[in-house]
>>> print(open('final_7.cif').read())   # mmCIF, C-alpha atoms and all ligand atoms
data_protein
loop_
_atom_site.label_atom_id
_atom_site.label_comp_id
_atom_site.auth_asym_id
_atom_site.auth_seq_id
_atom_site.Cartn_x
_atom_site.Cartn_y
_atom_site.Cartn_z
CA MET Q 1038 90.30 133.81 51.08
CA SER Q 1039 93.66 134.48 49.52
CA ARG Q 1040 95.42 131.62 47.75
CA ARG Q 1041 98.14 131.47 50.40
CA ILE Q 1042 95.76 131.16 53.30
CA TRP Q 1043 93.72 128.59 51.38
CA TRP Q 1044 96.82 126.41 50.92
CA LEU Q 1045 97.74 126.80 54.57
CA VAL Q 1046 94.29 125.57 55.66
CA VAL Q 1047 94.46 122.58 53.29
CA ALA Q 1048 97.99 121.70 54.43
CA SER Q 1049 97.11 121.80 58.13
CA LEU Q 1050 93.95 119.76 57.57
CA LEU Q 1051 96.03 117.16 55.73
CA LEU Q 1052 98.61 117.08 58.50
CA TRP Q 1053 95.87 116.65 61.08
CA THR Q 1054 94.36 113.64 59.31
CA VAL Q 1055 97.60 111.81 58.56
CA ALA Q 1056 99.33 112.53 61.89
CA PRO Q 1057 99.84 109.38 63.98
CA ALA Q 1058 97.77 109.27 67.17
CA GLY Q 1059 100.80 110.16 69.30
CA TRP Q 1060 101.04 113.53 67.55
CA ALA Q 1061 97.66 114.68 68.74
CA ALA Q 1062 97.35 117.07 71.68
CA PRO Q 1063 99.85 115.93 74.36
CA ALA Q 1064 98.43 113.39 76.77
CA SER Q 1065 97.32 115.40 79.74
CA LYS Q 1066 96.62 112.96 82.45
CA LEU Q 1067 97.87 112.46 85.94
CA GLU Q 1068 97.43 109.16 87.74
CA ILE Q 1069 97.68 109.42 91.51
CA PHE Q 1070 97.87 106.18 93.47
CA SER Q 1071 96.82 106.00 97.14
CA TRP Q 1072 94.67 104.09 99.62
CA TRP Q 1073 92.60 107.06 100.64
CA THR Q 1074 89.00 106.02 100.25
CA ALA Q 1075 87.50 106.42 103.73
CA GLY Q 1076 85.71 109.54 104.95
CA GLY Q 1077 88.23 112.30 105.70
CA GLU Q 1078 90.89 110.59 103.58
CA ALA Q 1079 88.88 111.02 100.38
CA GLU Q 1080 87.95 114.62 101.22
CA GLY Q 1081 91.56 115.51 101.97
CA LEU Q 1082 92.71 114.06 98.65
CA ALA Q 1083 89.94 115.92 96.83
CA GLY Q 1084 91.22 119.12 98.47
CA LEU Q 1085 94.68 118.51 96.99
CA PHE Q 1086 93.15 117.72 93.60
CA SER Q 1087 91.20 120.97 93.61
CA VAL Q 1088 94.36 123.02 94.17
CA TYR Q 1089 96.04 121.14 91.32
CA LYS Q 1090 93.00 121.61 89.04
CA LYS Q 1091 93.05 125.35 89.64
CA LEU Q 1092 96.63 125.51 88.40
CA TYR Q 1093 96.34 122.91 85.62
CA PRO Q 1094 92.73 122.84 84.48
CA ASN Q 1095 93.50 120.81 81.36
CA VAL Q 1096 94.98 117.86 83.15
CA GLU Q 1097 92.65 114.96 83.81
CA ILE Q 1098 93.35 113.43 87.21
CA ILE Q 1099 92.95 109.69 87.52
CA ASN Q 1100 92.27 108.86 91.14
CA ALA Q 1101 93.74 105.35 91.39
CA THR Q 1102 92.84 104.17 94.88
CA VAL Q 1103 93.06 100.71 96.36
CA ALA Q 1104 90.91 100.59 99.50
CA GLY Q 1105 92.23 99.20 102.77
CA GLY Q 1106 93.48 101.25 105.72
CA ALA Q 1107 97.25 101.68 106.14
CA GLY Q 1108 97.74 100.46 102.58
CA ALA Q 1109 96.81 96.91 103.59
CA GLN Q 1110 96.02 96.05 99.96
CA ALA Q 1111 97.49 99.01 98.08
CA LYS Q 1112 101.17 98.40 98.80
CA ALA Q 1113 101.24 94.99 97.11
CA VAL Q 1114 99.39 96.30 94.04
CA LEU Q 1115 101.84 99.17 93.78
CA ALA Q 1116 104.91 96.93 94.07
CA THR Q 1117 103.58 94.77 91.23
CA ARG Q 1118 102.98 97.82 89.06
CA LEU Q 1119 106.47 99.16 89.68
CA THR Q 1120 108.24 95.90 88.95
CA GLY Q 1121 105.96 95.31 85.95
CA GLY Q 1122 106.98 98.63 84.36
CA ASP Q 1123 103.52 100.16 84.73
CA PRO Q 1124 103.98 102.83 87.42
CA PRO Q 1125 101.33 105.41 88.29
CA ASP Q 1126 102.54 108.99 87.86
CA SER Q 1127 102.89 109.47 91.60
CA PHE Q 1128 102.07 107.31 94.61
CA GLN Q 1129 101.56 107.47 98.37
CA VAL Q 1130 104.35 106.17 100.58
CA HIS Q 1131 105.11 106.79 104.24
CA ALA Q 1132 108.12 108.85 105.16
CA GLY Q 1133 110.77 106.57 106.61
CA LEU Q 1134 112.04 103.08 105.95
CA GLU Q 1135 108.92 101.98 104.04
CA VAL Q 1136 110.42 103.42 100.85
CA GLU Q 1137 113.01 100.61 100.83
CA LYS Q 1138 110.20 98.24 99.73
CA TYR Q 1139 110.07 100.02 96.38
CA ASN Q 1140 113.80 99.78 95.70
CA PRO Q 1141 114.26 103.53 95.22
CA ALA Q 1142 117.64 103.39 93.47
CA ARG Q 1143 116.04 101.28 90.76
CA PHE Q 1144 112.43 102.48 90.55
CA LEU Q 1145 112.28 106.06 91.87
CA GLU Q 1146 113.65 109.45 90.95
CA PRO Q 1147 115.55 111.25 93.71
CA LEU Q 1148 113.91 114.59 94.52
CA ASP Q 1149 116.79 116.53 96.07
CA ASP Q 1150 116.79 119.15 93.32
CA MET Q 1151 113.10 119.79 93.80
CA PHE Q 1152 113.56 120.08 97.57
CA LYS Q 1153 116.14 122.77 96.84
CA SER Q 1154 114.26 124.70 94.17
CA GLU Q 1155 111.04 124.68 96.24
CA GLY Q 1156 112.89 125.71 99.41
CA TRP Q 1157 111.39 122.79 101.35
CA GLU Q 1158 114.38 122.25 103.58
CA LYS Q 1159 113.62 125.62 105.14
CA VAL Q 1160 109.95 124.97 105.85
CA LEU Q 1161 109.99 121.31 106.89
CA PRO Q 1162 110.89 120.25 110.43
CA LYS Q 1163 114.36 118.76 110.88
CA ASP Q 1164 113.06 115.50 112.34
CA LEU Q 1165 110.89 114.98 109.31
CA LEU Q 1166 113.76 115.72 106.92
CA THR Q 1167 115.86 113.14 108.74
CA LEU Q 1168 113.08 110.59 108.45
CA LEU Q 1169 112.67 111.28 104.74
CA ARG Q 1170 116.31 110.84 103.79
CA TYR Q 1171 117.08 107.29 102.72
CA GLN Q 1172 120.54 106.39 101.46
CA GLY Q 1173 121.33 110.10 101.59
CA LYS Q 1174 118.52 111.21 99.28
CA PHE Q 1175 114.95 112.49 99.34
CA TRP Q 1176 112.57 110.13 97.51
CA SER Q 1177 109.19 111.61 98.36
CA VAL Q 1178 107.42 114.85 99.23
CA PRO Q 1179 105.64 114.91 102.61
CA VAL Q 1180 102.11 116.28 102.84
CA ASN Q 1181 101.33 115.82 106.54
CA ILE Q 1182 102.17 114.57 109.97
CA HIS Q 1183 99.85 112.08 111.65
CA ARG Q 1184 99.77 110.94 115.23
CA ALA Q 1185 99.23 107.22 115.82
CA ASN Q 1186 98.68 107.34 119.60
CA VAL Q 1187 95.31 108.87 120.29
CA LEU Q 1188 92.60 107.59 122.60
CA TRP Q 1189 89.29 108.71 121.12
CA TYR Q 1190 86.30 108.62 123.41
CA ASN Q 1191 82.61 109.47 123.46
CA ARG Q 1192 82.36 112.54 125.71
CA LYS Q 1193 78.75 111.99 126.68
CA VAL Q 1194 79.29 108.37 127.68
CA PHE Q 1195 82.19 109.49 129.86
CA GLN Q 1196 80.21 112.36 131.41
CA ASP Q 1197 77.12 110.24 132.06
CA ASN Q 1198 79.26 107.74 133.92
CA ASN Q 1199 81.45 110.26 135.75
CA LEU Q 1200 84.57 109.01 134.07
CA THR Q 1201 87.76 110.69 132.93
CA PRO Q 1202 90.08 109.36 130.21
CA PRO Q 1203 92.45 106.79 131.75
CA LYS Q 1204 96.07 107.86 132.10
CA THR Q 1205 97.43 104.48 133.14
CA PHE Q 1206 96.54 100.93 132.15
CA ASP Q 1207 95.19 100.29 135.67
CA GLU Q 1208 92.83 103.22 135.20
CA PHE Q 1209 91.94 101.91 131.75
CA PHE Q 1210 90.75 98.62 133.19
CA LYS Q 1211 88.76 100.35 135.97
CA VAL Q 1212 87.02 102.57 133.42
CA ALA Q 1213 86.45 99.55 131.19
CA ASP Q 1214 84.83 97.57 134.02
CA THR Q 1215 82.44 100.43 134.82
CA LEU Q 1216 81.41 100.70 131.17
CA LYS Q 1217 81.04 96.97 130.73
CA ALA Q 1218 78.66 96.84 133.67
CA LYS Q 1219 76.54 99.45 131.89
CA GLY Q 1220 76.34 97.40 128.70
CA ILE Q 1221 78.59 99.75 126.72
CA VAL Q 1222 81.46 98.35 124.66
CA PRO Q 1223 84.45 99.73 126.60
CA PHE Q 1224 87.09 99.39 123.90
CA VAL Q 1225 86.07 99.69 120.28
CA PHE Q 1226 88.11 97.68 117.82
CA GLY Q 1227 88.06 96.67 114.14
CA SER Q 1228 90.54 94.09 112.85
CA LYS Q 1229 89.30 93.37 109.34
CA ASP Q 1230 92.32 94.61 107.41
CA GLY Q 1231 94.92 92.83 109.53
CA TRP Q 1232 96.97 95.87 110.65
CA GLU Q 1233 94.74 97.39 113.33
CA ALA Q 1234 95.92 95.04 116.10
CA GLY Q 1235 99.51 95.92 115.23
CA HIS Q 1236 98.56 99.58 115.51
CA VAL Q 1237 97.02 99.24 118.97
CA PHE Q 1238 99.85 97.00 120.20
CA GLU Q 1239 102.43 99.51 118.96
CA VAL Q 1240 100.72 102.13 121.12
CA VAL Q 1241 100.63 99.75 124.10
CA LEU Q 1242 104.38 99.17 123.63
CA VAL Q 1243 104.99 102.93 123.67
CA GLY Q 1244 102.84 103.26 126.80
CA THR Q 1245 104.66 100.42 128.55
CA LEU Q 1246 108.29 100.99 127.53
CA GLY Q 1247 108.29 104.78 127.21
CA ALA Q 1248 109.85 106.72 124.35
CA ASP Q 1249 113.41 105.42 124.72
CA GLY Q 1250 112.47 101.84 125.42
CA TYR Q 1251 110.13 101.73 122.43
CA ARG Q 1252 112.62 103.38 120.07
CA GLY Q 1253 115.20 100.83 121.16
CA LEU Q 1254 113.02 97.96 119.94
CA TRP Q 1255 113.70 99.10 116.37
CA THR Q 1256 117.39 99.85 116.80
CA GLY Q 1257 118.44 96.82 118.84
CA LYS Q 1258 118.93 98.76 122.08
CA THR Q 1259 115.86 97.17 123.67
CA GLN Q 1260 115.51 93.41 123.40
CA TRP Q 1261 112.19 91.91 122.44
CA THR Q 1262 112.80 89.40 125.22
CA ASP Q 1263 112.53 92.29 127.72
CA ALA Q 1264 110.05 91.73 130.59
CA ARG Q 1265 108.28 94.95 129.58
CA VAL Q 1266 107.36 93.40 126.23
CA THR Q 1267 105.81 90.47 128.13
CA GLN Q 1268 103.94 93.00 130.22
CA ALA Q 1269 102.72 94.84 127.09
CA LEU Q 1270 101.47 91.60 125.57
CA ASN Q 1271 99.60 90.72 128.75
CA THR Q 1272 98.08 94.20 128.89
CA PHE Q 1273 97.00 94.04 125.26
CA LYS Q 1274 95.52 90.58 125.81
CA ARG Q 1275 93.49 91.90 128.70
CA MET Q 1276 92.35 94.94 126.68
CA LEU Q 1277 91.04 92.55 124.04
CA THR Q 1278 88.60 91.12 126.58
CA TYR Q 1279 86.76 94.48 126.46
CA VAL Q 1280 86.26 94.77 122.70
CA ASN Q 1281 83.20 94.38 120.49
CA THR Q 1282 82.82 90.78 119.32
CA ASP Q 1283 82.21 91.79 115.69
CA HIS Q 1284 85.71 93.27 115.35
CA PRO Q 1285 86.88 90.81 112.64
CA ALA Q 1286 84.17 92.24 110.35
CA LEU Q 1287 85.02 95.90 110.96
CA THR Q 1288 87.62 98.27 109.56
CA TRP Q 1289 89.00 101.19 111.63
CA ASP Q 1290 86.30 103.53 110.36
CA GLY Q 1291 83.52 100.95 110.60
CA ALA Q 1292 84.46 100.40 114.26
CA GLY Q 1293 84.32 104.16 114.86
CA GLN Q 1294 80.58 103.99 114.34
CA TYR Q 1295 80.28 102.45 117.84
CA LEU Q 1296 81.52 105.74 119.26
CA ILE Q 1297 79.18 107.84 117.15
CA ASP Q 1298 76.21 105.71 118.21
CA GLY Q 1299 77.17 105.92 121.88
CA LYS Q 1300 77.36 102.11 121.98
CA GLY Q 1301 81.11 102.17 122.49
CA ALA Q 1302 83.31 104.37 124.65
CA MET Q 1303 87.02 104.34 123.64
CA GLN Q 1304 89.11 103.57 120.59
CA ILE Q 1305 92.85 103.75 119.98
CA MET Q 1306 93.50 104.89 116.41
CA GLY Q 1307 95.57 107.43 114.51
CA ASP Q 1308 94.24 110.91 113.98
CA TRP Q 1309 92.78 110.14 110.56
CA GLN Q 1310 89.89 109.29 112.90
CA ASP Q 1311 89.50 113.04 113.44
CA GLY Q 1312 89.07 113.46 109.66
CA TRP Q 1313 86.59 110.59 109.58
CA PHE Q 1314 84.53 112.01 112.47
CA GLN Q 1315 84.38 115.32 110.61
CA SER Q 1316 83.21 113.59 107.44
CA LYS Q 1317 80.41 112.07 109.55
CA ARG Q 1318 79.59 115.47 111.08
CA TYR Q 1319 80.20 113.93 114.49
CA THR Q 1320 81.33 116.36 117.16
CA GLY Q 1321 80.77 114.43 120.39
CA TYR Q 1322 84.24 112.97 120.59
CA GLY Q 1323 87.08 113.70 122.97
CA TRP Q 1324 90.74 112.78 122.73
CA ALA Q 1325 93.58 112.00 125.11
CA PRO Q 1326 96.96 110.30 125.00
CA PRO Q 1327 96.44 106.53 125.44
CA PRO Q 1328 97.65 105.13 128.80
CA GLY Q 1329 101.31 105.78 129.51
CA THR Q 1330 101.88 107.93 126.42
CA ALA Q 1331 101.38 111.49 127.71
CA GLY Q 1332 104.20 113.63 126.35
CA ILE Q 1333 105.00 111.14 123.58
CA PHE Q 1334 104.00 111.65 119.95
CA ASP Q 1335 104.01 108.42 117.91
CA ALA Q 1336 104.56 109.95 114.50
CA LEU Q 1337 104.19 109.14 110.83
CA SER Q 1338 103.96 111.12 107.64
CA ASP Q 1339 102.31 110.54 104.29
CA SER Q 1340 104.27 111.53 101.22
CA PHE Q 1341 104.26 111.14 97.44
CA ALA Q 1342 107.00 109.75 95.23
CA LEU Q 1343 107.98 110.01 91.57
CA PRO Q 1344 108.55 106.66 89.88
CA LYS Q 1345 111.02 106.39 87.04
CA GLY Q 1346 109.16 106.07 83.75
CA ALA Q 1347 106.06 107.96 84.91
CA LYS Q 1348 103.90 108.31 81.80
CA ASN Q 1349 103.04 111.93 82.56
CA ARG Q 1350 106.23 113.00 84.23
CA GLN Q 1351 105.80 116.76 83.95
CA ASN Q 1352 102.27 116.57 85.37
CA ALA Q 1353 103.63 114.46 88.20
CA VAL Q 1354 106.40 116.97 88.94
CA ASN Q 1355 103.75 119.70 89.13
CA TRP Q 1356 101.66 117.47 91.40
CA LEU Q 1357 104.57 117.03 93.81
CA LYS Q 1358 105.01 120.80 93.94
CA VAL Q 1359 101.36 121.14 94.93
CA VAL Q 1360 101.77 118.40 97.56
CA GLY Q 1361 104.68 120.29 99.09
CA SER Q 1362 103.06 123.71 98.85
CA ARG Q 1363 101.40 125.63 101.63
CA GLU Q 1364 98.18 125.96 99.64
CA GLY Q 1365 98.06 122.24 98.92
CA GLN Q 1366 98.71 121.30 102.55
CA GLU Q 1367 96.16 123.78 103.86
CA ALA Q 1368 93.54 122.28 101.53
CA PHE Q 1369 94.41 118.71 102.51
CA ASN Q 1370 95.18 118.52 106.20
CA PRO Q 1371 92.19 120.08 107.99
CA LYS Q 1372 89.98 117.51 106.25
CA LYS Q 1373 92.40 114.61 106.56
CA GLY Q 1374 92.82 114.96 110.30
CA SER Q 1375 96.52 115.63 110.15
CA ILE Q 1376 98.76 118.65 110.65
CA CYS Q 1377 100.83 120.16 107.88
CA ALA Q 1378 104.28 118.81 107.23
CA ARG Q 1379 105.22 122.45 106.59
CA THR Q 1380 105.71 124.75 109.54
CA ASP Q 1381 104.01 127.78 107.96
CA CYS Q 1382 100.35 126.68 107.64
CA SER Q 1383 97.69 128.91 109.16
CA THR Q 1384 96.58 127.47 112.51
CA ALA Q 1385 93.16 129.09 112.19
CA LEU Q 1386 92.17 126.55 109.51
CA PHE Q 1387 92.43 123.65 111.93
CA ASN Q 1388 89.97 122.34 114.50
CA GLN Q 1389 90.68 122.14 118.20
CA TYR Q 1390 92.01 118.60 118.10
CA LEU Q 1391 94.47 119.40 115.30
CA GLN Q 1392 95.65 122.54 117.04
CA SER Q 1393 96.44 120.44 120.09
CA ALA Q 1394 98.29 117.92 117.89
CA ALA Q 1395 100.35 120.74 116.37
CA ARG Q 1396 101.38 121.90 119.85
CA ASP Q 1397 102.25 118.36 120.93
CA TRP Q 1398 104.30 117.75 117.79
CA LYS Q 1399 106.51 120.65 118.80
CA THR Q 1400 106.92 119.77 122.47
CA ASN Q 1401 106.55 115.99 122.86
CA ALA Q 1402 109.15 113.26 122.55
CA LEU Q 1403 108.81 111.90 119.01
CA VAL Q 1404 108.83 108.18 118.30
CA PRO Q 1405 108.45 106.52 114.86
CA SER Q 1406 105.37 104.47 114.04
CA VAL Q 1407 106.10 100.94 112.86
CA MET Q 1408 102.65 100.15 111.50
CA HIS Q 1409 102.88 103.23 109.27
CA GLY Q 1410 106.26 102.95 107.68
CA ALA Q 1411 108.51 105.07 109.86
CA ALA Q 1412 110.34 102.70 112.22
CA ALA Q 1413 111.37 99.61 110.26
CA PHE Q 1414 111.79 98.11 106.80
CA GLU Q 1415 108.51 96.95 105.34
CA SER Q 1416 109.47 93.26 105.58
CA TRP Q 1417 109.95 93.55 109.36
CA ALA Q 1418 106.89 95.74 109.83
CA THR Q 1419 104.81 93.16 107.93
CA LYS Q 1420 106.05 90.35 110.15
CA PHE Q 1421 105.25 92.43 113.24
CA LYS Q 1422 101.77 93.05 111.85
CA ASP Q 1423 101.09 89.37 111.13
CA ILE Q 1424 102.47 88.15 114.47
CA VAL Q 1425 100.26 90.58 116.40
CA ALA Q 1426 97.19 89.77 114.27
CA LEU Q 1427 97.69 86.11 115.11
CA PHE Q 1428 98.03 86.98 118.81
CA VAL Q 1429 94.49 88.40 118.79
CA THR Q 1430 93.15 84.90 118.24
CA SER Q 1431 95.87 82.79 119.92
CA GLY Q 1432 96.49 84.89 123.03
CA ASP Q 1433 99.76 82.97 123.38
CA VAL Q 1434 102.11 85.45 125.08
CA ALA Q 1435 105.28 83.32 125.17
CA ARG Q 1436 105.03 82.18 121.59
CA THR Q 1437 104.22 85.69 120.35
CA GLN Q 1438 107.15 87.22 122.19
CA ALA Q 1439 109.50 84.58 120.76
CA ALA Q 1440 108.17 85.30 117.26
CA LEU Q 1441 108.70 89.04 117.75
CA GLN Q 1442 112.27 88.38 118.86
CA SER Q 1443 113.01 86.19 115.85
CA ALA Q 1444 111.48 88.80 113.48
CA CYS Q 1445 113.99 91.26 114.94
CA ARG Q 1446 116.76 88.74 114.38
CA GLU Q 1447 115.69 88.15 110.78
CA ALA Q 1448 115.78 91.93 110.28
CA LYS Q 1449 119.40 91.68 111.48
CA VAL Q 1450 118.76 94.22 114.23
CA CYS Q 1451 118.82 91.70 117.12
CA LYS Q 1452 121.42 89.00 117.71
C1 LIG J 1501 97.85 105.32 107.36
C2 LIG J 1501 98.00 106.58 106.57
C3 LIG J 1501 96.95 107.54 106.94
C4 LIG J 1501 95.57 106.92 107.03
C5 LIG J 1501 95.57 105.52 107.62
C6 LIG J 1501 94.28 104.75 107.44
O1 LIG J 1501 98.82 104.39 106.99
O2 LIG J 1501 99.24 107.15 106.83
O3 LIG J 1501 96.99 108.62 106.04
O4 LIG J 1501 94.98 107.00 105.82
O5 LIG J 1501 96.60 104.76 107.11
O6 LIG J 1501 94.05 104.41 106.11
#
>>> encode(input="final_7.cif", output="structure tokens")
Amino acid sequence: MSRRIWWLVVASLLLWTVAPAGWAAPASKLEIFSWWTAGGEAEGLAGLFSVYKKLYPNVEIINATVAGGAGAQAKAVLATRLTGGDPPDSFQVHAGLEVEKYNPARFLEPLDDMFKSEGWEKVLPKDLLTLLRYQGKFWSVPVNIHRANVLWYNRKVFQDNNLTPPKTFDEFFKVADTLKAKGIVPFVFGSKDGWEAGHVFEVVLVGTLGADGYRGLWTGKTQWTDARVTQALNTFKRMLTYVNTDHPALTWDGAGQYLIDGKGAMQIMGDWQDGWFQSKRYTGYGWAPPPGTAGIFDALSDSFALPKGAKNRQNAVNWLKVVGSREGQEAFNPKKGSICARTDCSTALFNQYLQSAARDWKTNALVPSVMHGAAAFESWATKFKDIVALFVTSGDVARTQAALQSACREAKVCK
């Protein structure tokens, strides 16, 4: 070894030993926060991770999940982390007014430049872009489009009993009576996480008021005192007389087991149920628009945001690019039970249900989901959720309707 090389080796060894910890190889981590833990959800997320890993094999992904459908527990944990100055590198948030909860001007980075450089405005549907813009800016990158209004049913149970999926609420109750007489749970329900009743009631509102009437509830055009809201509450109350008695102990996916086992016949849930059925290798399910909602697509979209002060900002920026990419969305959505947010995904990758959802998304009247962040500020959506959860046990129509009206007033949308 020449003298020069020898000195170089000694010098670099010295530098290595005295360097402060922060000088070592750059931290290569990426913490992704979501509530995707159920079957289908977890597989979809893993699909996104695998695309990221292919591009950035040296980055260690920390999968920070907080279980609980619809973010029932995750949203509060996230808010505490943001206000406490300990943000994850990127986190799940619904497209729409939900983002207001996280005070974007203060805690998030606007992503307009990334939308431009990645050309997303050309490949994302206009309606979705409109939903994503809050205070004139993009704050998150959408990965999918979900449909909230789906009636899932056990095909064999329906065939064996000569039934067809009910198109109206009257038909629903006829079908339910037939099934009840056979000892099958007509309407499968889980209410453990507190949001599921709000989800079903939202769908009943859509089915009772129609697209315009329902939309108006969130803009002040339809009053919550409207007789059709009374009607929706009465319908929902009656539907609850056909549910499994163990619903307070079951989550949305736990309740789905009734369908798989042929012990239950119908369930109203978003199309993450399609992802869950796939994860269970269950193929005996059918789908239809819930009563009154044919031609209406109750929509929501999952997206990811970039908090200010993300510890691994560059890794997070790369993550968001994967989330918005065609490859990322094609790896995620077929497993998640959602369609791509992008318009250029290959249809062939999707199962029959998802292909039908993609067609409906293009042709149906779109309405925003309230239980999944699209229609109202989080504070109002939370009140709606709690009022409806209480209704499941109280059954008090008048009091519930009054509470819904005052929640609208508190949101300053109703007078
Ligand atoms: C929704 C979310 C979906 C699905 C569902 C159940 O809020 O948008 O992606 O995961 O909750 O957890």
>>> closest_residue(input="final_7.cif", among="Q:Thr1320, Q:Asn1186, Q:Thr1288, Q:Thr1384", to="Asp1335 (chain Q)", atoms="all atoms listed in the file")
Q:Asn1186
>>> axis_aligned_box(input="final_7.cif", around="region 1120-1125 of chain Q", padding_each_side="3 Å", output="AutoDock Vina command-line options")
--center_x 104.8 --center_y 100.4 --center_z 86.7 --size_x 12.9 --size_y 16.1 --size_z 10.6
>>> residues_near_ligand(input="final_7.cif", ligand="ligand LIG 1501 (chain J)", cutoff="7 Å", atoms="all atoms listed in the file", output="PyMOL selection string")
chain Q and resi 1072-1073+1078+1105-1108+1131+1183+1309+1337-1339+1409
>>> atom_distance(input="final_7.cif", atom1="CA of Asn1281 (chain Q)", atom2="CA of Gly1299 (chain Q)")
13.1 Å
>>> atom_distance(input="final_7.cif", atom1="CA of Gly1231 (chain Q)", atom2="CA of Phe1341 (chain Q)")
23.8 Å
>>> closest_residue(input="final_7.cif", among="Q:Leu1134, Q:Ala1395, Q:Ala1353, Q:Leu1200", to="Ile1069 (chain Q)", atoms="all atoms listed in the file")
Q:Ala1353
>>> closest_residue(input="final_7.cif", among="Q:Arg1318, Q:Trp1189, Q:Asp1197, Q:Asn1352", to="Tyr1295 (chain Q)", atoms="all atoms listed in the file")
Q:Trp1189
>>> atom_distance(input="final_7.cif", atom1="CA of Thr1262 (chain Q)", atom2="CA of Ser1431 (chain Q)")
18.9 Å
>>> closest_residue(input="final_7.cif", among="Q:Val1130, Q:Val1103, Q:Ala1234, Q:Val1180", to="Arg1379 (chain Q)", atoms="all atoms listed in the file")
Q:Val1180
>>> residues_near_point(input="final_7.cif", point="(101.4, 119.9, 117.2)", cutoff="10 Å", atoms="all atoms listed in the file", output="PyMOL selection string")
chain Q and resi 1182-1184+1334+1375-1377+1390-1401
>>> closest_residue(input="final_7.cif", among="Q:Lys1163, Q:Tyr1190, Q:Val1240, Q:Trp1157", to="Pro1203 (chain Q)", atoms="all atoms listed in the file")
Q:Tyr1190
>>> decode(input="final_7.cif", residues="region 1321-1332 of chain Q", atoms="N, CA, C and O atoms", output="JSON list (two decimals), in the first residue's frame")
[["chain", "number", "residue", "atom", "x", "y", "z"],
["Q", 1321, "GLY", "N", -69.18, -16.10, -3.81],
["Q", 1321, "GLY", "CA", -70.64, -16.30, -3.94],
["Q", 1321, "GLY", "C", -71.46, -15.05, -3.72],
["Q", 1321, "GLY", "O", -72.65, -15.13, -3.45],
["Q", 1322, "TYR", "N", -70.86, -13.90, -3.85],
["Q", 1322, "TYR", "CA", -71.62, -12.67, -3.58],
["Q", 1322, "TYR", "C", -72.12, -11.99, -4.85],
["Q", 1322, "TYR", "O", -71.51, -12.09, -5.91],
["Q", 1323, "GLY", "N", -73.24, -11.31, -4.71],
["Q", 1323, "GLY", "CA", -73.76, -10.47, -5.79],
["Q", 1323, "GLY", "C", -73.81, -9.04, -5.29],
["Q", 1323, "GLY", "O", -73.61, -8.77, -4.11],
["Q", 1324, "TRP", "N", -74.09, -8.13, -6.19],
["Q", 1324, "TRP", "CA", -74.15, -6.71, -5.82],
["Q", 1324, "TRP", "C", -75.25, -6.02, -6.60],
["Q", 1324, "TRP", "O", -75.58, -6.43, -7.72],
["Q", 1325, "ALA", "N", -75.80, -4.99, -6.00],
["Q", 1325, "ALA", "CA", -76.85, -4.20, -6.67],
["Q", 1325, "ALA", "C", -76.90, -2.84, -5.99],
["Q", 1325, "ALA", "O", -76.41, -2.70, -4.86],
["Q", 1326, "PRO", "N", -77.47, -1.84, -6.67],
["Q", 1326, "PRO", "CA", -77.63, -0.56, -5.96],
["Q", 1326, "PRO", "C", -78.65, -0.76, -4.83],
["Q", 1326, "PRO", "O", -79.68, -1.41, -5.05],
["Q", 1327, "PRO", "N", -78.41, -0.25, -3.64],
["Q", 1327, "PRO", "CA", -79.40, -0.33, -2.58],
["Q", 1327, "PRO", "C", -80.70, 0.36, -3.02],
["Q", 1327, "PRO", "O", -80.67, 1.19, -3.94],
["Q", 1328, "PRO", "N", -81.83, 0.03, -2.36],
["Q", 1328, "PRO", "CA", -83.12, 0.58, -2.77],
["Q", 1328, "PRO", "C", -83.08, 2.09, -3.07],
["Q", 1328, "PRO", "O", -82.52, 2.86, -2.28],
["Q", 1329, "GLY", "N", -83.65, 2.44, -4.19],
["Q", 1329, "GLY", "CA", -83.80, 3.86, -4.55],
["Q", 1329, "GLY", "C", -82.54, 4.51, -5.09],
["Q", 1329, "GLY", "O", -82.57, 5.69, -5.44],
["Q", 1330, "THR", "N", -81.43, 3.78, -5.18],
["Q", 1330, "THR", "CA", -80.18, 4.45, -5.58],
["Q", 1330, "THR", "C", -79.65, 4.03, -6.95],
["Q", 1330, "THR", "O", -78.49, 4.34, -7.27],
["Q", 1331, "ALA", "N", -80.48, 3.36, -7.75],
["Q", 1331, "ALA", "CA", -80.01, 3.00, -9.10],
["Q", 1331, "ALA", "C", -79.67, 4.29, -9.85],
["Q", 1331, "ALA", "O", -80.41, 5.28, -9.77],
["Q", 1332, "GLY", "N", -78.54, 4.30, -10.53],
["Q", 1332, "GLY", "CA", -78.16, 5.49, -11.29],
["Q", 1332, "GLY", "C", -77.47, 6.56, -10.45],
["Q", 1332, "GLY", "O", -77.15, 7.63, -10.96]]
